[in-house]
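Trainee: Just dropping this structure here.
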Amino acid sequence: MEADPVLLARFQFAFTIAFHIIFPSFTIGLSAYIATLEIMWGWTGREHYGRLSGFWTKIFAVSFGMGVVSGIVLSYQFGTNWSGFSAAFGNIIGPLAGYEVLTAFFLEATFLGILLFGRNRVPRGLHIFSAIAVAVGTAISAFWIISANSWMHTPVAYEMRNGVAHPLDWWAIVFNPSFLYRLTHMLNAAYLTAGFVVLAVGARYLLAGRHLDEARTMVRMSIGLLFVLAPLQLFLGDQHGLNTLKHQPIKIAAMEAHWDGSKPGDFHIFAWPDPANERNRFEISIPRGASLILTHDPNGLFPGLTSVPKQDRPPIHNVFFAFRIMLGIGFFMIAAALFGGLLLWRGRLFDTRWYLRIVAQTWWTGFVAVIAGWVVTESGRQPWMVQGLMRTADAVSPVPAATVATTLAMFVVVYGIVFTMGMYYINRLIAKGPQEQLVRPPKKFSAGPLAAAKGDA
Amino acid sequence: MEWDLPLIWAGLIGTAVAMYVILDGFDLGIAILFPFHPDEHERDRIVDTIAPFWDGNETWLVLGGVGLLVAFPLAYAVIMPAFYIPVIVMLLALVFRGVSFEFRTIAVTSKPMWNVAFWLGSLVAGFSQGMILGGLIQGVDVADNKFAGGPFDFATPFAAVCGVGVVLGYGLLGATWLIMKTDGAIAERSRDQAQVLLLAVLGFMGIVSLWTPLQFERISERWFSTPNIFYLWPVPIVTALVALACWWGLTRERDNLPFFSAIGLFLLGYLGLVISVFPYLVPPSLTIWQTAAARESQMFILIGTLPLLPIILGYTVFVYWVFRGKVREGEGYH
């Protein structure tokens, strides 16, 4: 078979972006947690908050480093892999990406320096401010990137002139119809992801009888957060789904493996979609379940896959199964969060060992759910690069398949090494646990801002 | 043809690239010199001199890349496929370089491996950047506003010379940075290295300055035709004076002068290249006006850039100020 440059370019981009999203989905949440810990430490003066903040900051530094280096790659891949897209839609996507760099990337990268190395160099207040700046920076970054991405799903306020998109109304472009649904769903996913990691680490220390002060704080704080955010995610996801039904009904049809739009849709707990014969095999379904969820009416109708020609349908297996993975994890998260909340309320959270044993192992749930969710939304947009406007096949760069294949192999090897070692080092930091923070006596700071720093310099 | 906005954006992106080359230049430079500082404690100290800054420094590379997409999407869409291989090699090298900062502080047995990754990643990144620069100067094959050449078009002896030149230049920035930010044995050694590197950099600047007008008629026309030559003759003279200042600073053991005059050398070399290729963004066919984004797009992001850029520069300067002074033995941040 002849190697297909479009498919290779897609593989390469899917690989690099899936690798990248692991880190922001963790660091967006974790930076907010670190900022909270810094504030609590400043507020209460209790030392274990400081130890926790220092501990998670080290883990943050490793994850953020991997996120930055893999993110820079993406900002160039729009051109190396998708120059057709860049030339046609640079007028719209470019400024959104540009604002991300200007408002977020510099903010987080610069204040990270103070957060990591400035504890003994700047006054406490400025250190707390730096932690907040990093957390806010990561969220602003998500704002712009999700805006650009959402526009590719729901393009509005543009005019095509000679095959090039020209903007008509920036406000409408930034706040395009799917943007706020996608942004809230993604940000909440990021906070859930970090919440389950913090919960797992706290549960491990509790089970091992180590760092008990810190462990109880981590478990209590994360359960408190997850108790609210996990059920909220179901609501946000549902709203996002309804929005998708309105703008990208074929994506929804693929998510539900719904072929015939003239009948109400079942919710398939399991099925093996058969695109050649336009039907499903091995269905285990809740009759009319999908209609009920999507139209709030068991007899409601929504478009099926057969309503568009075959070449306009997304790769159904990716979308269908990734959606079920995300959904399954989501329901597990809700169950774990609500049960944890119940235990906390009953005062049993720290000694219900079977519960702790489970959540100590489920640190990965958020990451898998995030990647699955992105597979649903991005595969679900195919064969379009920009919904209805440009096919992915027309967006690809004029680069030979062999070149793309070679660099794909290089990405796999390099990212494989970096990811494996990164995980190994994060595990080592977790095994070592929170350490005393070496903070010089506060009186040195009270001599005036930065007097201490001057003394060292 | 509207001429003003593309010109402003060319200036802004030019500034971002210059910021990147200088700021990440010394980061990459100290790593390129790693093999010449064999002591592990000294290496930790060397890395500590840039640890709080490198991430912000590298962000200028993102601004350069994204800025090109923002303001000149057509140039971005031609340059990236044209330099597909060196761009991706550079990015992967920067991946190794970037993760090494954190990894080498945590690693125990695998620390030597991350020292190599730090050094090699920086070396390859610098060389790739020089190759891309050289490839751009020599020109890109464009047809119908798309890249029309082959994947190895960039790989010429001229591009390789530019690659080596950039590596040496980064080395000079790194060595002079260490003179400013350290003392004792590291600073002593850096002073000796910087003298060798300065001579080598001047040699390569000379080679490129002769090679480009000889090979490319458009460049010799730019420099040597009248009346241009009357305006342009101070460029090489000022370059020579700055080089002398750098040498003087090195031999008289000044702490700061060598670093800032090395920056001056970089800026002058950069200015020379701009003079050689302007107004082409993708020589020899696409100008900044031909590749410019829609006016409303350039305007939309310019409105934000004008207040944001000074703020970014402000807090960048602030962080350098917080971590000012020399990094002394036993004062590491980790």
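By order of appearance in the structure tokens: chains A, B, ..., then residues from 1 within every chain, and ligands from 1 in the order shown.
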Counting only C-alpha atoms, which residues of chain B come no farther than 6 Å from chain A, as a VMD selection string?

Mentor: chain B and resid 52 55 to 56 66 69 to 70 73 to 74 77 80 to 81 84 91 95 99 102 293 to 294 297 301 325 333

Trainee: For the residues in that selection, give me N, CA and C atoms as a compact mmCIF listing (two decimals), in the first residue's frame.

Mentor:
# COMPACT_ATOMS: atom_id res chain seq x y z
N PRO B 52 16.18 30.13 36.40
CA PRO B 52 14.93 30.88 36.54
C PRO B 52 14.46 31.55 35.24
N ASP B 55 12.87 29.35 30.64
CA ASP B 55 11.53 29.08 30.13
C ASP B 55 10.96 30.34 29.47
N GLY B 56 11.13 31.47 30.15
CA GLY B 56 10.69 32.72 29.55
C GLY B 56 11.47 33.03 28.29
N VAL B 66 4.65 31.74 16.21
CA VAL B 66 3.23 32.10 16.16
C VAL B 66 3.06 33.47 15.52
N LEU B 69 2.82 33.13 11.93
CA LEU B 69 1.49 32.65 11.55
C LEU B 69 0.47 33.78 11.63
N VAL B 70 0.59 34.59 12.67
CA VAL B 70 -0.37 35.67 12.89
C VAL B 70 -0.28 36.71 11.79
N PRO B 73 0.83 34.71 7.44
CA PRO B 73 0.48 33.28 7.36
C PRO B 73 1.03 32.60 6.11
N LEU B 74 1.12 33.35 5.02
CA LEU B 74 1.62 32.72 3.80
C LEU B 74 3.10 32.38 3.92
N ALA B 77 3.35 29.37 6.01
CA ALA B 77 2.93 28.17 5.30
C ALA B 77 3.93 27.74 4.24
N MET B 80 7.69 26.71 6.85
CA MET B 80 7.67 25.50 7.67
C MET B 80 7.81 24.21 6.85
N PRO B 81 7.05 24.05 5.75
CA PRO B 81 7.30 22.84 4.94
C PRO B 81 8.69 22.86 4.31
N TYR B 84 11.12 21.70 6.90
CA TYR B 84 10.47 20.66 7.70
C TYR B 84 11.47 19.90 8.57
N LEU B 91 13.15 21.23 17.13
CA LEU B 91 12.14 21.11 18.18
C LEU B 91 12.44 19.90 19.07
N VAL B 95 13.33 19.75 23.00
CA VAL B 95 12.64 18.89 23.97
C VAL B 95 13.66 18.31 24.94
N VAL B 99 13.71 19.40 28.99
CA VAL B 99 13.43 18.51 30.12
C VAL B 99 14.67 18.25 30.96
N GLU B 102 15.06 20.01 34.60
CA GLU B 102 14.46 19.41 35.78
C GLU B 102 14.98 18.00 36.01
N ALA B 293 -0.97 38.97 6.54
CA ALA B 293 -2.33 38.56 6.90
C ALA B 293 -3.29 39.67 6.54
N ALA B 294 -4.59 39.36 6.64
CA ALA B 294 -5.61 40.38 6.40
C ALA B 294 -5.36 41.55 7.33
N SER B 297 -6.88 41.32 10.67
CA SER B 297 -6.22 40.38 11.59
C SER B 297 -4.97 41.02 12.20
N ILE B 301 -4.60 41.97 16.45
CA ILE B 301 -3.57 41.51 17.38
C ILE B 301 -2.61 42.63 17.73
N GLY B 325 22.96 39.47 39.98
CA GLY B 325 24.20 39.18 40.69
C GLY B 325 24.77 37.82 40.34
N TYR B 333 19.82 27.18 43.62
CA TYR B 333 18.40 27.36 43.95
C TYR B 333 17.74 26.06 44.32

Trainee: With only C-alpha atoms as the counted atoms, please give the residues lying no more than 10 Å from Ala189 in chain A, apart from itself and same-chain residues fewer than 2 positions off, as JSON, numbers by chain.

Mentor: {"A": [25, 26, 28, 29, 183, 184, 185, 186, 187, 191, 192, 193, 194, 195, 229, 230, 233, 237, 330, 366, 367, 369, 370, 373]}

Trainee: Export C-alpha atoms of the chosen residues as an mmCIF file, in the first residue's frame?

Mentor:
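The result, written out as part_10.cif:
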data_model
loop_
_atom_site.group_PDB
_atom_site.id
_atom_site.type_symbol
_atom_site.label_atom_id
_atom_site.label_comp_id
_atom_site.auth_asym_id
_atom_site.auth_seq_id
_atom_site.Cartn_x
_atom_site.Cartn_y
_atom_site.Cartn_z
ATOM 1 C CA SER A 25 -4.632 18.898 31.731
ATOM 2 C CA PHE A 26 -2.546 18.165 34.805
ATOM 3 C CA ILE A 28 -3.786 23.691 34.823
ATOM 4 C CA GLY A 29 -5.333 21.957 37.820
ATOM 5 C CA LEU A 183 -13.835 25.622 27.537
ATOM 6 C CA THR A 184 -15.810 24.872 30.701
ATOM 7 C CA HIS A 185 -15.798 21.149 29.939
ATOM 8 C CA MET A 186 -12.033 21.159 29.391
ATOM 9 C CA LEU A 187 -11.107 23.351 32.350
ATOM 10 C CA TYR A 191 -9.220 20.317 37.636
ATOM 11 C CA LEU A 192 -10.673 16.794 37.914
ATOM 12 C CA THR A 193 -7.485 15.292 36.505
ATOM 13 C CA ALA A 194 -5.269 17.038 39.034
ATOM 14 C CA GLY A 195 -7.799 16.303 41.794
ATOM 15 C CA LEU A 229 -16.714 19.125 40.115
ATOM 16 C CA ALA A 230 -17.303 15.474 39.185
ATOM 17 C CA GLN A 233 -18.815 17.581 34.636
ATOM 18 C CA GLY A 237 -20.703 17.417 29.158
ATOM 19 C CA GLY A 330 -16.802 10.027 34.150
ATOM 20 C CA GLY A 366 -8.450 12.045 34.263
ATOM 21 C CA PHE A 367 -5.664 11.738 31.695
ATOM 22 C CA ALA A 369 -10.731 10.658 29.928
ATOM 23 C CA VAL A 370 -9.211 13.877 28.556
ATOM 24 C CA GLY A 373 -12.675 13.286 24.955
#

Trainee: For the structure I just gave you, how does DSSP split range 56-155 of chain B - specifically, which residues are strand (DSSP E or B)? Reply as a list in words.

Mentor: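 Here is the list: Val142, Ala143, Lys146 and Phe147 of chain B.
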
Trainee: How would you write, as an NGL selection string, the set of residues in range 331-398 of chain A that DSSP gives as helix (DSSP H, G or I)?

Mentor: :A and (331-345 or 349-351 or 353-361 or 365-379 or 392-395)

Trainee: Would you mind exporting the chosen residues as a compact mmCIF listing (two decimals), in the first residue's frame, restricted to N, CA and C atoms?

Mentor:
# COMPACT_ATOMS: atom_id res chain seq x y z
N PHE A 331 -18.39 8.39 34.95
CA PHE A 331 -19.30 7.83 35.96
C PHE A 331 -18.52 7.26 37.14
N PHE A 332 -17.36 6.66 36.86
CA PHE A 332 -16.53 6.20 37.97
C PHE A 332 -16.12 7.39 38.86
N MET A 333 -15.73 8.49 38.21
CA MET A 333 -15.29 9.67 38.98
C MET A 333 -16.41 10.19 39.87
N ILE A 334 -17.62 10.23 39.31
CA ILE A 334 -18.74 10.74 40.10
C ILE A 334 -18.97 9.82 41.31
N ALA A 335 -18.96 8.51 41.05
CA ALA A 335 -19.19 7.56 42.15
C ALA A 335 -18.11 7.72 43.22
N ALA A 336 -16.83 7.80 42.76
CA ALA A 336 -15.73 7.90 43.73
C ALA A 336 -15.83 9.20 44.51
N ALA A 337 -16.19 10.27 43.85
CA ALA A 337 -16.24 11.58 44.52
C ALA A 337 -17.40 11.63 45.51
N LEU A 338 -18.57 11.14 45.09
CA LEU A 338 -19.73 11.20 45.99
C LEU A 338 -19.53 10.28 47.19
N PHE A 339 -18.99 9.08 46.94
CA PHE A 339 -18.78 8.17 48.05
C PHE A 339 -17.72 8.73 49.00
N GLY A 340 -16.67 9.32 48.44
CA GLY A 340 -15.64 9.94 49.26
C GLY A 340 -16.23 11.07 50.11
N GLY A 341 -17.13 11.83 49.50
CA GLY A 341 -17.79 12.91 50.24
C GLY A 341 -18.61 12.36 51.39
N LEU A 342 -19.30 11.26 51.13
CA LEU A 342 -20.10 10.62 52.18
C LEU A 342 -19.20 10.16 53.33
N LEU A 343 -18.06 9.54 52.98
CA LEU A 343 -17.13 9.08 54.01
C LEU A 343 -16.58 10.25 54.82
N LEU A 344 -16.28 11.34 54.12
CA LEU A 344 -15.74 12.52 54.79
C LEU A 344 -16.76 13.05 55.79
N TRP A 345 -18.02 13.08 55.36
CA TRP A 345 -19.11 13.61 56.19
C TRP A 345 -19.29 12.73 57.43
N LEU A 349 -13.35 8.87 56.30
CA LEU A 349 -12.59 8.91 55.06
C LEU A 349 -11.17 8.37 55.23
N PHE A 350 -10.52 8.71 56.36
CA PHE A 350 -9.10 8.40 56.48
C PHE A 350 -8.84 6.96 56.92
N ASP A 351 -9.88 6.24 57.33
CA ASP A 351 -9.61 4.84 57.72
C ASP A 351 -10.46 3.81 56.97
N ARG A 353 -10.05 1.73 54.41
CA ARG A 353 -8.86 1.38 53.63
C ARG A 353 -9.19 0.88 52.23
N TRP A 354 -10.30 0.13 52.09
CA TRP A 354 -10.61 -0.38 50.74
C TRP A 354 -10.85 0.77 49.77
N TYR A 355 -11.50 1.83 50.28
CA TYR A 355 -11.75 3.00 49.43
C TYR A 355 -10.42 3.67 49.05
N LEU A 356 -9.57 3.85 50.07
CA LEU A 356 -8.27 4.48 49.80
C LEU A 356 -7.46 3.65 48.81
N ARG A 357 -7.56 2.31 48.94
CA ARG A 357 -6.79 1.45 48.03
C ARG A 357 -7.24 1.67 46.58
N ILE A 358 -8.54 1.84 46.40
CA ILE A 358 -9.02 2.07 45.03
C ILE A 358 -8.53 3.42 44.51
N VAL A 359 -8.79 4.49 45.27
CA VAL A 359 -8.43 5.81 44.73
C VAL A 359 -6.92 6.01 44.66
N ALA A 360 -6.16 5.22 45.42
CA ALA A 360 -4.70 5.32 45.31
C ALA A 360 -4.22 4.82 43.95
N GLN A 361 -5.04 4.01 43.29
CA GLN A 361 -4.65 3.44 41.99
C GLN A 361 -5.26 4.18 40.81
N THR A 365 -7.10 8.29 35.73
CA THR A 365 -8.44 8.36 35.12
C THR A 365 -8.65 9.66 34.34
N GLY A 366 -8.23 10.77 34.93
CA GLY A 366 -8.45 12.04 34.26
C GLY A 366 -7.72 12.13 32.94
N PHE A 367 -6.47 11.65 32.92
CA PHE A 367 -5.66 11.74 31.69
C PHE A 367 -6.33 10.96 30.57
N VAL A 368 -6.76 9.74 30.88
CA VAL A 368 -7.36 8.90 29.84
C VAL A 368 -8.67 9.53 29.37
N ALA A 369 -9.46 10.05 30.31
CA ALA A 369 -10.73 10.66 29.93
C ALA A 369 -10.50 11.88 29.04
N VAL A 370 -9.49 12.68 29.37
CA VAL A 370 -9.21 13.88 28.56
C VAL A 370 -8.81 13.48 27.14
N ILE A 371 -7.89 12.52 27.02
CA ILE A 371 -7.47 12.10 25.68
C ILE A 371 -8.65 11.52 24.92
N ALA A 372 -9.46 10.68 25.60
CA ALA A 372 -10.63 10.09 24.95
C ALA A 372 -11.59 11.19 24.47
N GLY A 373 -11.78 12.19 25.32
CA GLY A 373 -12.68 13.29 24.96
C GLY A 373 -12.19 14.03 23.73
N TRP A 374 -10.88 14.26 23.66
CA TRP A 374 -10.32 14.95 22.49
C TRP A 374 -10.43 14.09 21.25
N VAL A 375 -10.28 12.78 21.40
CA VAL A 375 -10.46 11.89 20.24
C VAL A 375 -11.89 12.00 19.74
N VAL A 376 -12.86 12.04 20.67
CA VAL A 376 -14.26 12.16 20.27
C VAL A 376 -14.45 13.43 19.45
N THR A 377 -14.00 14.56 19.98
CA THR A 377 -14.33 15.82 19.33
C THR A 377 -13.53 16.03 18.04
N GLU A 378 -12.25 15.60 18.02
CA GLU A 378 -11.43 15.84 16.83
C GLU A 378 -11.69 14.80 15.75
N SER A 379 -11.75 13.52 16.12
CA SER A 379 -12.11 12.51 15.11
C SER A 379 -13.52 12.76 14.62
N THR A 392 -9.48 17.91 5.71
CA THR A 392 -8.14 17.66 6.24
C THR A 392 -7.18 17.35 5.09
N ALA A 393 -7.66 16.63 4.07
CA ALA A 393 -6.80 16.26 2.95
C ALA A 393 -6.31 17.49 2.19
N ASP A 394 -7.08 18.59 2.24
CA ASP A 394 -6.66 19.81 1.53
C ASP A 394 -5.80 20.71 2.40
N ALA A 395 -5.66 20.36 3.67
CA ALA A 395 -4.92 21.22 4.60
C ALA A 395 -3.46 20.84 4.69

Trainee: Could you tell me how far CA of Leu214 in chain B lies from CA of Ser276 in chain B, in Å and to one decimal?

Mentor: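 Answer for the CA of Leu214 in chain B to CA of Ser276 in chain B separation: 12.4 Å.
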
Trainee: Counting only C-alpha atoms, what is within 10 Å of Met218 in chain A, bar same-chain residues fewer than 4 positions away, as a ChimeraX atom specification?

Mentor: /A:33,49,52,195,197-203,205,212-214,222-224

Trainee: Quick one: distance from CA of Phe55 in chain A to CA of Pro434 in chain A in Å, one decimal?

Mentor: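 Value for the CA of Phe55 in chain A-CA of Pro434 in chain A distance: 4.9 Å.
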
Trainee: Tell me which protein, DNA and RNA residues are within 6 Å of range 178-189 of chain B, counting only C-alpha atoms, leaving out same-chain ones fewer than 2 positions away, and put them as number ranges by chain.

Mentor: B: 175-176, 191-192, 255-256, 326-327

Trainee: Skipping near chain neighbours, those fewer than 3 positions away, what residues fall within 8 Å of Phe320 in chain A using only C-alpha atoms, listed as a PyMOL selection string?

Mentor: chain A and resi 254-257+316-317+323-324+376

Trainee: For CA of Ala155 in chain B and CA of Ile263 in chain B, determine how far apart the two atoms are, in Å to one decimal place.

Mentor: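 For CA of Ala155 in chain B relative to CA of Ile263 in chain B, the distance reads 27.6 Å.
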
Trainee: Quick one: residues within 9 Å of Gln387 in chain A, only C-alpha atoms, excluding same-chain residues fewer than 3 positions away - as a ChimeraX atom specification?

Mentor: /A:151-155,248,381-384,390-391

Trainee: Using only N, CA, C and O atoms, please write the residues we just selected to a file, as a short mmCIF file (atom, residue, chain, number, x, y, z; two decimals), in the first residue's frame.

Mentor:
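Once written, part.cif looks like this:
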data_model
loop_
_atom_site.label_atom_id
_atom_site.label_comp_id
_atom_site.auth_asym_id
_atom_site.auth_seq_id
_atom_site.Cartn_x
_atom_site.Cartn_y
_atom_site.Cartn_z
N TRP A 151 -13.43 27.35 17.06
CA TRP A 151 -13.78 27.99 15.79
C TRP A 151 -13.68 26.99 14.64
O TRP A 151 -14.46 27.05 13.69
N MET A 152 -12.73 26.06 14.75
CA MET A 152 -12.59 25.05 13.69
C MET A 152 -13.79 24.10 13.67
O MET A 152 -14.08 23.47 12.65
N HIS A 153 -14.46 23.99 14.82
CA HIS A 153 -15.67 23.16 14.87
C HIS A 153 -16.91 23.95 14.47
O HIS A 153 -17.80 23.43 13.81
N THR A 154 -16.96 25.20 14.91
CA THR A 154 -18.14 26.03 14.65
C THR A 154 -17.69 27.38 14.10
O THR A 154 -17.72 28.39 14.80
N PRO A 155 -17.24 27.38 12.82
CA PRO A 155 -16.74 28.64 12.25
C PRO A 155 -17.87 29.65 12.01
O PRO A 155 -18.91 29.29 11.46
N GLN A 248 -22.91 20.11 14.94
CA GLN A 248 -22.20 19.02 14.25
C GLN A 248 -22.96 17.71 14.48
O GLN A 248 -22.45 16.80 15.15
N ARG A 381 -14.93 15.48 14.04
CA ARG A 381 -15.02 16.57 13.07
C ARG A 381 -14.60 16.10 11.68
O ARG A 381 -14.92 16.72 10.68
N GLN A 382 -13.83 15.00 11.63
CA GLN A 382 -13.35 14.51 10.33
C GLN A 382 -14.55 14.22 9.42
O GLN A 382 -15.63 13.91 9.91
N PRO A 383 -14.41 14.31 8.13
CA PRO A 383 -13.18 14.54 7.37
C PRO A 383 -12.81 16.01 7.24
O PRO A 383 -12.01 16.36 6.38
N TRP A 384 -13.37 16.83 8.09
CA TRP A 384 -13.13 18.26 7.97
C TRP A 384 -12.01 18.73 8.88
O TRP A 384 -11.90 18.29 10.02
N MET A 390 -13.03 23.24 5.03
CA MET A 390 -11.79 22.70 4.48
C MET A 390 -11.61 21.26 4.94
O MET A 390 -11.67 20.98 6.13
N ARG A 391 -11.38 20.38 3.97
CA ARG A 391 -11.12 18.99 4.32
C ARG A 391 -9.68 18.83 4.79
O ARG A 391 -8.78 19.53 4.31
#
